[in-house]
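Participant: If you scroll down you'll find the structure; I have some questions about it.
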Amino acid sequence: MLTAGKLLLVLALLVAVYGAGASLVGARAGNRALTDSGRRAVYAMAVALVATFVLLESMFLRSDFSSYLVATHSSTTTPAFYRATAMWSSQEGSLLLWATLLSVWSSAVLYLSRNRMREIAPYATAVLCGFAVFFVGLLVLKETPFGATSPVPSEGTGLNPLLRHPSMMIHPPMLYSGYTLFAVPFAFAVGALVTRRLNADWIRSTRPFTLAAWLFLGIGIILGARWSYTELGWGGYWAWDPVENASLMPWLTGTAFLHSVMIQEKRGMLKVWNVSLVLATGVLAILGTFLVRSGILQSIHAFGASTLGGPFLVLIAVMILGSAALVVSRSADLRSDAKLDAIVSRESVFLLNNLVLVAMCVIVFWGTFFPLISEAITGEKASVGPPWFDRAIVPAALLLVLLTGLGPVLAWRRVTLANLRHQLVGPVVAGSVCLVALLGLGITAGTSVALFVVAAFSLTVIAQEFWRGTRARRAMADESPPTALLSLVRRNRRRYGGYLVHVGVITLFVGVAASSAFESSRYADLRPGQTAAIGGYDVTYVRPTSRVVAAPNGRLERIDLGAVLRVRKDGKGVTTLDTRRSYFPSADPSLGPVSRFFDGESTSEVGLKAGAFKDVWTVIAPSLAGLQPAIDKGDRVFDGPGARLPAAQRATLLAQALDGLAASYVRSPPPATFRLLISPLVTWIWLGALIVFAGGLVAMWPSPRAVHRMVSAGYAARVARELTKV
Amino acid sequence: MAVVAAVVVVVVLVVVVALVASPLRPGAGRAAVSAEASDRDELEALKEAKYREIRDAELDYRMGKLSLPDWRATDRGLRVEAMELLRRLDALEGREGSEAALRAD
Amino acid sequence: MDPSRKRKIRLIVALGAVVVLATALVYTSFTASTEAKSPSQLLASAQAGKAYEVTGKVAAGSWTSRGTTNVFRVRDRNGRESVPIRYAGAVPDPFREGREIVVTVRKAGGTWVGERDTLVTKCPSKFQQKAPKT
């Protein structure tokens, strides 16, 4: 199996090298057979990598510990779902996932666009193959996922329990799909630059993939946030951690690109800007992958001193220098076709939005790399914390939400200023009402109030767009309101899909602003029966819980110690929460036979009552102090007389001892520490994300095939006729 | 399992070679990529965008963002640009194609 | 005003705004930053009341917790020197003696007080570097 895996990887590497070469030579020589062969090499590479992936996956599922990777990242007590996904908790496995996704997505894109962009595509293929050579090359030369163990252990280390969370398992594939899909517009941009085909076609053809990349990356980011909120036991969803930032940066520039590209499509302007944005996004996506693996920055995603920093730095340097050289050498082909007609127009709002998004990216970049920057300048390694990020990003976010509202009320090219009042009356009234209401409620926290007011303004603008659009549609086509709304969205997918995305983003921002400004949190030491008050709620520690959990094969998976809490408000019961800490056994032989069940990894299960307006969140830190004497005694017994017992009998007695420990925790529970949080509108964050993705799907959905060309004597009549077709 | 693995490797190898080699067979001749085709795609994309813009402008007018005179002016400008694109497209296609289509009309 | 002049003014205003914003960014980041130190560097030079970000390993046998207060020592990654830290609040799940942590602290008398919710434990089993045996 292991040799087969290595062979397949070598095959994939060879095919990738061939694909890059054939595409380049074919494109230079105008040899269609060669470029076709190059394109098919990408499909072939996908076949080889998927086969490799399946091979490794089957070893994980069968708990084949002859593989070093399986032995160190899985175990027989790991539940099947997590065995299947344990692969990408490892450096090698996640690199393989990266390469596989890259090859699959590249194949899909090249297949879908096989009859388009015939001049550009071979160069893009070569670039994509270049990425594949890099990643598969790492797998073949430096980080083989097919290392062997000797001797073969009977049990594996297991998947880090912290990562046993559904969203953690989908998070990497989503994130990597985003990263790898951003490699596609990068590759096509390079192709367009090389062939000097820099107008509308490559943008039209790569836009869906850019949108897909943006969507996947967004889903990945949100899943990470969700994991942090429900699994990490600190109650936050975003910490400005370098690795989080790394995924946010390409998402920001990608967002900017999706907007500015419309100006190029419509007006032939901003070509240099757009090409630079795409290239920068591609570089940032690789930079994200690099940050995760280099260990150059302190992060919760500690990756040790990885050996991959060097190769990645080389790749990034090549990407940056190559991109810059291409853009400079093609500056003549990147001249704008038009000029801005009016300062007050949708174009200029888009332009501002781009500046804000790029500024946000610069802020995040600066903050993330500040430790390196400060060391270079002052010689002292220093870092900026979340408060700095918050202070710098919040004004930009406010401006962004405001622009979201301003864009739709302006028309492209030219705005009838007299009509502006008509467009703005409703939204301004809504914003003012919101302001008065908030002040009336006694809410005066500056930035949050500003955000709520701006959000009310922008949401009203969007609602008005839907309302007036439907009305206009009804007037034009004499349809019933629901039909009119549907056909409005169908005929203007981009615009109305985009509006939905805006609604989602604003909802998300409102959730973030509310939950970070108005959260109550405290720690409480409670004994059963005691009550702690927080944010108007009374939380009572009702009773302790404990459980010894065995895997399906009978081996012990974990021991849970937890608590049941009752939450009341104004004397009325709100909910009952269940929180626990799970202790996973350690494989460390130096630990005692009993204490190794408590000194290994542990994870928290959050007790969460999510509501439309408030989340009640709690997590327990049980005290083991009461159990310690019994654990120590157990260690002595099983190390002493117990060690001489037959293995089966010893295991039975050990299981009984652990059951006894768990029972004694419930019988005489020590006080436990609880972290309590009352957080408003957190649900809005997840809801907002869902709306964003729904909107993204609407915008991405292909429009009915464009009208077939028809020829007639009069061009004016033809334009009119073709316009009525879609 | 070793047998399965070996079979997998061989099958993948065959598939890979077949995929890569198929366009290279003698007789699988294909037309070279023509610059005209790319020019046409470019113009088609521009046309699509232009049409979208005309529709957008109309929607903007219907929703009250543009006054009638402003919309008329914008629309007229856009249609002129669209006609120019059609003219360039037809020039690319050559007279032959358009004449055939005219007869069919 | 003729259009080229107008454009020039616009450009100057835009560039000016960029310069102002960039300066603000640089200035605030340097004033708001906390210096990263190892325990031995902290011992050598630390001013009372100033915040430092300390990175190191939790020293073996040093961790005691009473309710929400945790007391432990952090030592150099490769070394013996260590500083005592008092941290209020629950420690993250992976927190163990011997694990590498990052925490923001301020000196108060002979001890260092950890700032709430700044303690980050590096998660050791992810992307661990061991030479695979082949």
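By order of appearance in the structure tokens: chains A, B, ..., then residues from 1 within every chain, and ligands from 1 in the order shown.
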Do a neighbour search on Pro23 (chain B) at 6 Å with only C-alpha atoms, toss out local chain neighbours closer than 2 positions, and write the hits as a PDB file with C-alpha atoms, in the first residue's frame.
Facilitator:
```pdb
ATOM      1  CA  ALA A  33      -2.503  18.679 -30.195  1.00  0.00           C
ATOM      2  CA  SER A  37      -2.514  16.938 -24.302  1.00  0.00           C
TER       3      SER A  37
ATOM      4  CA  ALA B  21      -1.619  10.541 -25.362  1.00  0.00           C
ATOM      5  CA  ARG B  25      -2.349  10.313 -32.008  1.00  0.00           C
TER       6      ARG B  25
END
```
Participant: Residues near Thr104 (chain C), anyone? I mean within 12 Å using only C-alpha atoms, not counting same-chain ones fewer than 5 positions away, as a VMD selection string.
Facilitator: (chain A and resid 382 to 385) or (chain C and resid 33 to 39 42 49 to 56 85 to 87 112 to 120)
Participant: Take the selection from the previous step and output its residues with C-alpha atoms, as a compact mmCIF listing (two decimals), in the first residue's frame.
Facilitator:
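Here's the written file result15.txt:
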```txt
# COMPACT_ATOMS: atom_id res chain seq x y z
CA ALA A 382 6.48 42.88 19.53
CA SER A 383 2.91 42.12 18.61
CA VAL A 384 -0.37 43.95 18.37
CA GLY A 385 -3.40 42.44 20.03
CA SER C 33 2.10 46.72 20.62
CA THR C 34 3.30 44.52 23.42
CA GLU C 35 6.87 43.31 23.35
CA ALA C 36 7.36 39.61 23.06
CA LYS C 37 9.87 38.24 25.55
CA SER C 38 11.14 34.97 26.79
CA PRO C 39 11.12 34.37 30.56
CA LEU C 42 11.71 39.27 31.32
CA GLY C 49 3.17 47.86 34.96
CA LYS C 50 4.19 47.45 31.34
CA ALA C 51 2.59 44.66 29.35
CA TYR C 52 4.76 41.94 27.86
CA GLU C 53 3.87 38.94 25.81
CA VAL C 54 5.76 36.01 27.24
CA THR C 55 6.30 32.77 25.36
CA GLY C 56 7.64 29.64 26.97
CA ILE C 85 2.67 33.86 36.70
CA ARG C 86 -0.70 34.33 38.29
CA TYR C 87 -3.56 33.96 35.86
CA TRP C 112 3.64 38.51 36.88
CA VAL C 113 -0.09 38.82 36.46
CA GLY C 114 -1.61 37.40 33.30
CA GLU C 115 -4.18 39.49 31.50
CA ARG C 116 -7.57 37.91 31.25
CA ASP C 117 -8.26 35.81 28.15
CA THR C 118 -4.80 36.33 26.68
CA LEU C 119 -3.49 32.85 27.45
CA VAL C 120 -2.99 30.78 24.32
```
Participant: Name the residues in contact with Leu351 (chain A) at a cut-off of 12 Å, using only C-alpha atoms, excluding same-chain residues fewer than 4 positions from it; report them as a list in words.
Facilitator: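 So, after excluding close chain neighbours, the residues are Ala256, Phe257, Leu258, His259, Ser260, Val261, Met262, Ile263, Gln264, Met269, Leu270, Trp273, Asn274, Leu340, Ile343, Val344, Ser345, Arg346, Glu347, Leu355, Val356, Leu357, Val358, Leu400, Leu403 and Gly407 of chain A.
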Participant: Save the residues we just selected, N, CA and C atoms, as a PDB file, in the first residue's frame?
Facilitator:
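For reference, result_15.pdb as written:
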```pdb
ATOM      1  N   ALA A 256     -12.912  42.589  -3.163  1.00  0.00           N
ATOM      2  CA  ALA A 256     -12.635  43.822  -3.904  1.00  0.00           C
ATOM      3  C   ALA A 256     -12.644  43.541  -5.402  1.00  0.00           C
ATOM      4  N   PHE A 257     -12.013  42.449  -5.787  1.00  0.00           N
ATOM      5  CA  PHE A 257     -11.926  42.107  -7.210  1.00  0.00           C
ATOM      6  C   PHE A 257     -13.315  41.877  -7.803  1.00  0.00           C
ATOM      7  N   LEU A 258     -14.159  41.143  -7.080  1.00  0.00           N
ATOM      8  CA  LEU A 258     -15.495  40.855  -7.611  1.00  0.00           C
ATOM      9  C   LEU A 258     -16.283  42.134  -7.885  1.00  0.00           C
ATOM     10  N   HIS A 259     -15.953  43.193  -7.143  1.00  0.00           N
ATOM     11  CA  HIS A 259     -16.631  44.467  -7.378  1.00  0.00           C
ATOM     12  C   HIS A 259     -15.977  45.246  -8.522  1.00  0.00           C
ATOM     13  N   SER A 260     -14.666  45.379  -8.433  1.00  0.00           N
ATOM     14  CA  SER A 260     -13.999  46.275  -9.389  1.00  0.00           C
ATOM     15  C   SER A 260     -14.040  45.700 -10.805  1.00  0.00           C
ATOM     16  N   VAL A 261     -14.170  44.368 -10.883  1.00  0.00           N
ATOM     17  CA  VAL A 261     -14.156  43.739 -12.186  1.00  0.00           C
ATOM     18  C   VAL A 261     -15.376  44.198 -12.999  1.00  0.00           C
ATOM     19  N   MET A 262     -16.437  44.579 -12.296  1.00  0.00           N
ATOM     20  CA  MET A 262     -17.631  45.035 -13.001  1.00  0.00           C
ATOM     21  C   MET A 262     -17.349  46.342 -13.729  1.00  0.00           C
ATOM     22  N   ILE A 263     -16.478  47.147 -13.140  1.00  0.00           N
ATOM     23  CA  ILE A 263     -16.159  48.411 -13.797  1.00  0.00           C
ATOM     24  C   ILE A 263     -15.367  48.150 -15.071  1.00  0.00           C
ATOM     25  N   GLN A 264     -14.476  47.165 -15.000  1.00  0.00           N
ATOM     26  CA  GLN A 264     -13.716  46.845 -16.205  1.00  0.00           C
ATOM     27  C   GLN A 264     -14.651  46.299 -17.286  1.00  0.00           C
ATOM     28  N   MET A 269     -12.230  50.081 -17.716  1.00  0.00           N
ATOM     29  CA  MET A 269     -11.312  50.828 -16.852  1.00  0.00           C
ATOM     30  C   MET A 269     -10.686  49.907 -15.814  1.00  0.00           C
ATOM     31  N   LEU A 270      -9.707  50.435 -15.097  1.00  0.00           N
ATOM     32  CA  LEU A 270      -9.107  49.742 -13.949  1.00  0.00           C
ATOM     33  C   LEU A 270      -8.433  48.415 -14.290  1.00  0.00           C
ATOM     34  N   TRP A 273      -5.430  47.663 -12.065  1.00  0.00           N
ATOM     35  CA  TRP A 273      -5.915  47.417 -10.704  1.00  0.00           C
ATOM     36  C   TRP A 273      -6.478  46.007 -10.587  1.00  0.00           C
ATOM     37  N   ASN A 274      -7.326  45.630 -11.547  1.00  0.00           N
ATOM     38  CA  ASN A 274      -7.965  44.315 -11.482  1.00  0.00           C
ATOM     39  C   ASN A 274      -6.961  43.186 -11.583  1.00  0.00           C
ATOM     40  N   LEU A 340     -13.766  58.141 -15.881  1.00  0.00           N
ATOM     41  CA  LEU A 340     -14.922  58.277 -15.002  1.00  0.00           C
ATOM     42  C   LEU A 340     -15.778  59.443 -15.489  1.00  0.00           C
ATOM     43  N   ILE A 343     -18.319  62.119 -10.695  1.00  0.00           N
ATOM     44  CA  ILE A 343     -17.837  61.751  -9.360  1.00  0.00           C
ATOM     45  C   ILE A 343     -18.934  61.029  -8.612  1.00  0.00           C
ATOM     46  N   VAL A 344     -20.165  61.500  -8.760  1.00  0.00           N
ATOM     47  CA  VAL A 344     -21.273  60.828  -8.093  1.00  0.00           C
ATOM     48  C   VAL A 344     -21.856  59.799  -9.051  1.00  0.00           C
ATOM     49  N   SER A 345     -21.384  58.570  -8.931  1.00  0.00           N
ATOM     50  CA  SER A 345     -21.920  57.511  -9.764  1.00  0.00           C
ATOM     51  C   SER A 345     -21.582  56.199  -9.081  1.00  0.00           C
ATOM     52  N   ARG A 346     -22.187  55.124  -9.571  1.00  0.00           N
ATOM     53  CA  ARG A 346     -21.930  53.857  -8.905  1.00  0.00           C
ATOM     54  C   ARG A 346     -20.458  53.464  -9.061  1.00  0.00           C
ATOM     55  N   GLU A 347     -19.862  53.856 -10.188  1.00  0.00           N
ATOM     56  CA  GLU A 347     -18.453  53.528 -10.378  1.00  0.00           C
ATOM     57  C   GLU A 347     -17.605  54.032  -9.227  1.00  0.00           C
ATOM     58  N   LEU A 355     -11.075  50.598  -2.344  1.00  0.00           N
ATOM     59  CA  LEU A 355     -10.018  51.174  -1.521  1.00  0.00           C
ATOM     60  C   LEU A 355     -10.179  50.744  -0.074  1.00  0.00           C
ATOM     61  N   VAL A 356     -11.445  50.734   0.401  1.00  0.00           N
ATOM     62  CA  VAL A 356     -11.676  50.348   1.790  1.00  0.00           C
ATOM     63  C   VAL A 356     -11.274  48.887   2.010  1.00  0.00           C
ATOM     64  N   LEU A 357     -11.686  48.012   1.087  1.00  0.00           N
ATOM     65  CA  LEU A 357     -11.371  46.588   1.248  1.00  0.00           C
ATOM     66  C   LEU A 357      -9.863  46.350   1.224  1.00  0.00           C
ATOM     67  N   VAL A 358      -9.195  47.029   0.297  1.00  0.00           N
ATOM     68  CA  VAL A 358      -7.752  46.842   0.222  1.00  0.00           C
ATOM     69  C   VAL A 358      -7.086  47.423   1.469  1.00  0.00           C
ATOM     70  N   LEU A 400     -17.676  50.629   4.946  1.00  0.00           N
ATOM     71  CA  LEU A 400     -18.059  49.599   3.992  1.00  0.00           C
ATOM     72  C   LEU A 400     -19.577  49.408   3.994  1.00  0.00           C
ATOM     73  N   LEU A 403     -21.227  52.290   2.290  1.00  0.00           N
ATOM     74  CA  LEU A 403     -21.095  52.222   0.832  1.00  0.00           C
ATOM     75  C   LEU A 403     -22.050  51.194   0.251  1.00  0.00           C
ATOM     76  N   GLY A 407     -24.200  52.546  -2.857  1.00  0.00           N
ATOM     77  CA  GLY A 407     -24.030  52.040  -4.212  1.00  0.00           C
ATOM     78  C   GLY A 407     -25.336  51.881  -4.970  1.00  0.00           C
TER      79      GLY A 407
END
```
Participant: Leaving out Ala73 (chain B) and any residue of its chain fewer than 4 positions from it, which residues lie within 12 Å of it when counting only C-alpha atoms, given as a PyMOL selection string?
Facilitator: (chain A and resi 413-416) or (chain B and resi 54+57-58+61+66-69+77-80)
Participant: Looking at only C-alpha atoms, which of C:Pro84, C:Pro94, C:Gly61, C:Pro3 is the one that sits closest to chain A?
Facilitator: C:Pro94
Participant: Which residues are close to Arg80 (chain C), i.e. within 12 Å by only C-alpha atoms, leaving aside same-chain residues fewer than 5 positions away? Reply as a list in words.
Facilitator: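 Here the answer would be Ser38, Pro39, Ser40, Gly56, Lys57, Val58, Ala59, Ala60, Arg73, Val74 and Arg75 of chain C.
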Participant: Write the residues of the preceding selection, restricted to C-alpha atoms, as a PDB file, in the first residue's frame.
Facilitator:
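Produced file again-v1.pdb, reproduced below:
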```
ATOM      1  CA  SER C  38      11.140  34.969  26.786  1.00  0.00           C
ATOM      2  CA  PRO C  39      11.117  34.369  30.564  1.00  0.00           C
ATOM      3  CA  SER C  40      14.855  34.994  30.862  1.00  0.00           C
ATOM      4  CA  GLY C  56       7.644  29.643  26.972  1.00  0.00           C
ATOM      5  CA  LYS C  57       6.847  26.299  28.440  1.00  0.00           C
ATOM      6  CA  VAL C  58       4.891  25.645  31.607  1.00  0.00           C
ATOM      7  CA  ALA C  59       7.490  24.386  34.078  1.00  0.00           C
ATOM      8  CA  ALA C  60       6.994  20.848  35.361  1.00  0.00           C
ATOM      9  CA  ARG C  73       5.856  29.154  36.186  1.00  0.00           C
ATOM     10  CA  VAL C  74       6.849  29.646  32.580  1.00  0.00           C
ATOM     11  CA  ARG C  75      10.377  28.720  31.590  1.00  0.00           C
TER      12      ARG C  75
END
```
Participant: Would you list which chain B residues are within 8 Å of chain A using only C-alpha atoms, as a PyMOL selection string?
Facilitator: chain B and resi 1-2+5-6+8-9+12-13+15-17+19-24+28-33+35+38+41-46+48-51+53+55+57+59-60+62-67+70+74+79-80+82-83+86-87+98+101-102+105
